[in-house]
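Colleague: First the structure, which I've put down as structure tokens, then a few questions once you've had a look.
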Amino acid sequence: MATLLPPSPATATTPPPAAQQQKVDYLNLPCPIPYEEIHREALMSLKPELFEGLRFDFTKDSIRNFHSAIGGVTIPLLYYFNLLMLFGRVMTDGRLNARLKCDLTENLTLKGNAQLTSEPHMSHGMFNFDYKGSDYRTQFQLGNGALFGASYIQSVTPHLSLGGEVFWAGQHRKSGIGYAARYNTDKMVATGQVASTGMVALSYVQKVSEKCRLRGKIDSNGVVAAFLEERFNMGLNFLLSAEIDHRKKDYKFGFGLTVGE
């Protein structure tokens, strides 16, 4: 005698883990980079640190570092201590560029930069106080010429950050306000910035390789420049720099090594 069984209920299918949306913890968002550095990757690509001659960089944490170059362009020096970093560069025309970074507390950093030259009214300097929160950053700037500025940038998702700035240039009696957005992943960075001064800046950077970094540009004067950084292994990079100006028949080439942790 056959026994009739009731039909079994339909089994619910569970989507694979990849198809499940990951929940965003908005109370634990990453801290964004400073407002003034939102175009950092694009500037590194479009404005490579070109040099001429031979260059050798050596860095090691917690000790003093020395950065030297042999050539006709610059003489850079770098000193690094536990909470203080000093960087100076002397150009062949007598200009001196200097940078300072000091960690006042775990979250508050003082940054300074200056350019000194013998040309009248061309020297300038600026100090920047950078406060780093859990998912935001705020800055206050002081510069010569009665320049005052303040900025704030906030992470709104794990990949998107939004910010704004205000500034006052007392010497020229001009003020302004600006806004910026930055979206970044492990492979790309996209940024946009607008200001009441009429400035509009858009950038996009895509990572194509983990070992080799090639930067190049061609400007409106026909000057071609390229900067190649090849990573041999952890702590050892090879540098190759070239700048060609056919119109002025000016050719500059450089080779270098970067060694350090």
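Identifiers in this document derive from the order of the structure tokens: chains are assigned A, B, ..., residues are numbered from 1 separately in each chain, and ligands are numbered from 1 in order of occurrence.
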Which residues are near range 103-107 of chain A? Cut-off 9 Å, only C-alpha atoms, ignore same chain within fewer than 5 positions. Put them as a list of chain:residue names.

Modeller: A:Asn82, A:Leu83, A:Leu84, A:Asp130, A:Tyr131, A:Lys132, A:Gly133

Colleague: Keeping N, CA and C atoms for every residue in the selection just given, could you write it to a file as a CSV table (one decimal), in the first residue's frame?

Modeller:
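Listing of out31.csv after writing:
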chain,number,residue,atom,x,y,z
A,82,ASN,N,62.1,61.6,16.1
A,82,ASN,CA,60.9,60.9,16.5
A,82,ASN,C,59.7,61.7,16.2
A,83,LEU,N,59.6,63.0,16.6
A,83,LEU,CA,58.4,63.8,16.4
A,83,LEU,C,58.6,64.9,15.5
A,84,LEU,N,59.8,65.1,14.9
A,84,LEU,CA,60.2,66.3,14.1
A,84,LEU,C,60.9,65.9,12.8
A,130,ASP,N,47.1,70.9,11.7
A,130,ASP,CA,46.3,69.8,11.1
A,130,ASP,C,45.8,68.9,12.3
A,131,TYR,N,44.5,68.9,12.5
A,131,TYR,CA,43.9,68.0,13.6
A,131,TYR,C,43.2,66.8,12.9
A,132,LYS,N,43.6,65.6,13.4
A,132,LYS,CA,43.1,64.4,12.8
A,132,LYS,C,42.2,63.7,13.7
A,133,GLY,N,40.9,63.7,13.3
A,133,GLY,CA,39.9,63.0,14.1
A,133,GLY,C,39.7,61.5,13.6

Colleague: One decimal, in Å: what's the spacing between CA of Glu165 in chain A and CA of Leu96 in chain A?

Modeller: 29.0 Å

Colleague: Pick out the residues sitting within 9 Å of Asp93 in chain A, and hand them over as a list in words; count only C-alpha atoms, and ignore anything fewer than 2 positions along from it in its own chain.

Modeller: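 Once the nearby chain positions are removed, what remains is Val73, Val90, Met91, Arg95 and Thr117 of chain A.
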
Colleague: Need to verify the contact set: Val205 in chain A, 10 Å, only C-alpha atoms, exclusion of same-chain residues closer than 4 positions in sequence. Can you return it as a compact mmCIF listing (two decimals) with N, CA, C and O atoms, in the first residue's frame?

Modeller:
# COMPACT_ATOMS: atom_id res chain seq x y z
N HIS A 39 44.27 66.20 -4.17
CA HIS A 39 44.78 65.90 -5.51
C HIS A 39 46.18 65.30 -5.45
O HIS A 39 46.93 65.38 -6.42
N ARG A 40 46.54 64.69 -4.34
CA ARG A 40 47.92 64.24 -4.12
C ARG A 40 48.41 63.29 -5.20
O ARG A 40 49.49 63.48 -5.78
N GLU A 41 47.64 62.27 -5.51
CA GLU A 41 48.08 61.29 -6.51
C GLU A 41 48.22 61.91 -7.89
O GLU A 41 49.16 61.59 -8.64
N ALA A 42 47.29 62.80 -8.26
CA ALA A 42 47.36 63.44 -9.57
C ALA A 42 48.57 64.37 -9.66
O ALA A 42 49.26 64.41 -10.69
N LEU A 43 48.85 65.12 -8.60
CA LEU A 43 50.00 66.02 -8.62
C LEU A 43 51.30 65.25 -8.67
O LEU A 43 52.27 65.68 -9.32
N SER A 45 51.73 62.52 -10.22
CA SER A 45 51.87 62.02 -11.58
C SER A 45 52.16 63.13 -12.58
O SER A 45 52.97 62.97 -13.49
N ASN A 184 37.90 57.23 -3.59
CA ASN A 184 39.09 56.41 -3.80
C ASN A 184 38.82 54.96 -3.46
O ASN A 184 38.04 54.64 -2.55
N LYS A 187 42.35 50.80 -6.43
CA LYS A 187 42.86 50.88 -7.79
C LYS A 187 42.75 52.26 -8.42
O LYS A 187 43.41 52.53 -9.42
N MET A 188 41.92 53.15 -7.89
CA MET A 188 41.71 54.45 -8.53
C MET A 188 41.40 55.53 -7.51
O MET A 188 41.01 55.24 -6.38
N VAL A 189 41.58 56.79 -7.96
CA VAL A 189 41.24 57.97 -7.16
C VAL A 189 40.63 59.00 -8.10
O VAL A 189 41.21 59.32 -9.14
N ALA A 190 39.46 59.52 -7.75
CA ALA A 190 38.80 60.57 -8.52
C ALA A 190 38.49 61.73 -7.58
O ALA A 190 37.96 61.51 -6.48
N THR A 191 38.81 62.96 -7.99
CA THR A 191 38.61 64.13 -7.14
C THR A 191 37.99 65.26 -7.96
O THR A 191 38.15 65.33 -9.18

Colleague: Figure out the distance between CA of Gly192 in chain A and CA of Gln206 in chain A, please, to one decimal in Å.

Modeller: 15.3 Å

Colleague: For a test of reading the model, state the distance in Å between CA of Thr138 in chain A and CA of Leu116 in chain A, rounded to one decimal.

Modeller: 27.9 Å

Colleague: Name the closest residue to Asn128 in chain A among the candidates A:Glu36, A:Glu52, A:Glu210, A:Asp219; distances are taken between atoms, counting only C-alpha atoms.

Modeller: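 Looking only at the distances to Asn128 in chain A, the closest residue turns out to be A:Glu36.
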
Colleague: I'd like the neighbourhood of Thr197 in chain A as a list in words, where a residue qualifies if any of its atoms comes within 12 Å (using only C-alpha atoms), though same-chain residues fewer than 2 positions away should be ignored.

Modeller: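 The contact residues come out as Val166, Phe167, Trp168, Lys174, Ser175, Gly176, Ile177, Gly178, Tyr179, Gln193, Val194, Ala195, Met199 and Val200 of chain A.
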
Colleague: Name the residues of range 57-260 of chain A that fall into strand (DSSP E) according to DSSP on the backbone, using the chain letters and numbers of this document, as an MDAnalysis selection string.

Modeller: chainID A and resid 57:59 66:70 74:80 84:91 96:103 108:116 124:132 136:143 147:155 160:169 174:184 188:195 200:206 212:218 224:233 236:245 250:260
